[in-house]
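First comes the structure, then the notes that go with it.
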Amino acid sequence: MEDEQKSGATRPGRLDRRMVHDGRIVHLSVDTVRFPDGSVGELELVRHDGASAILPVMGSLDEEDPDVLLLRQYRYATGGYLWEVPAGMPREPGEPWEVCARRELEEETGYKAGSLRPLTRIYTTPGFSDEVIHLYVGTDLSEGRRNLDDDEFMEVVRMPLSEAVDRVRRGEVIDCKSIATILYVAHFLAGPVGVADVSQSRAYGRPIRRTDGRGSRAERALPGWHGACTKERA
């Protein structure tokens, strides 16, 4: 019965759309929607073409604590500066997300990625927008040509991955795509370090005893990281 209710005329989804604003970046509409229980209502929807975001890694993810590049960027909407990873929208409809990521990395940081690895995708604000950002990590960086837009004001800052994680923990990195990319790389991709009895995590603020030889320093910097390790009081 449930499958029958979700098929045909009773399937949840849009019934009608009234455009309110068709802008350069966002498109605002009021949609008439059928909900899963069969009721009908109106929802405001901000449609967005999507974007790519990339965490540039200087060196290799196999390093104990590789350096990464972050941007300190002025954002009018937030009333000041934000720490962010490089990101941007496709130049034209249908542009591959990897192509978009490579271009934005070079234009915003002045570096090219020899290797680009897809991570995941995130919906930024699914309550009222369909914006999806595709996340990447870039390694084997080489010098390219920086090319900022007229409304882009940003500083490129190099720091250890553990410091970037620490900035997330302290609430200094509050941009969602940047938090997701930094923590994904630190938790899932950062390479192993040599087996050590005790390592002092700068970001976590207490020593962590290793028991299995796995996990990077950046991983151990994550609050609540529950790898096969034993936490001891400092």
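Numbering starts fresh at 1 for the residues of each chain in the structure tokens, the chains themselves are lettered A, B, ... in the order given, and ligands are numbered from 1 as they appear.
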
*asked:* Which residues are near Thr181 (chain A)? Cut-off 8 Å, only C-alpha atoms, ignore same chain within fewer than 4 positions. Put them as a PyMOL selection string.
replied: chain A and resi 53-55+85+119+135-137+177+185

_Top pick for closest residue to Ser178 (chain A), considering A:Ser60, A:Thr10, A:Thr124, A:Ser39 and counting only C-alpha atoms_ = A:Thr124

*For Met58 (chain A), which of A:Glu152, A:Glu172, A:Glu84, A:Asp140 is the closest residue, counting only C-alpha atoms?*
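Checking each of A:Glu152, A:Glu172, A:Glu84, A:Asp140 against Met58 (chain A), counting only C-alpha atoms, the winner is A:Asp140.
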
*Leaving out Phe35 (chain A) and any residue of its chain fewer than 3 positions from it, which residues lie within 8 Å of it when counting only C-alpha atoms, given as a ChimeraX atom specification?*
/A:12-13,38-41

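Taking only C-alpha atoms into account, Leu70 (chain A) lies nearest to A:Leu105 out of the set A:Leu105, A:Val46, A:Leu148, A:Val26.
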
*Just list the residues in region 16-159 of chain A DSSP gives strand (DSSP E or B) on the backbone, as a PyMOL selection string.*
chain A and resi 16-22+26-34+40-48+51-58+67-75+80-84+87-88+111-123+129+132-143+154-159
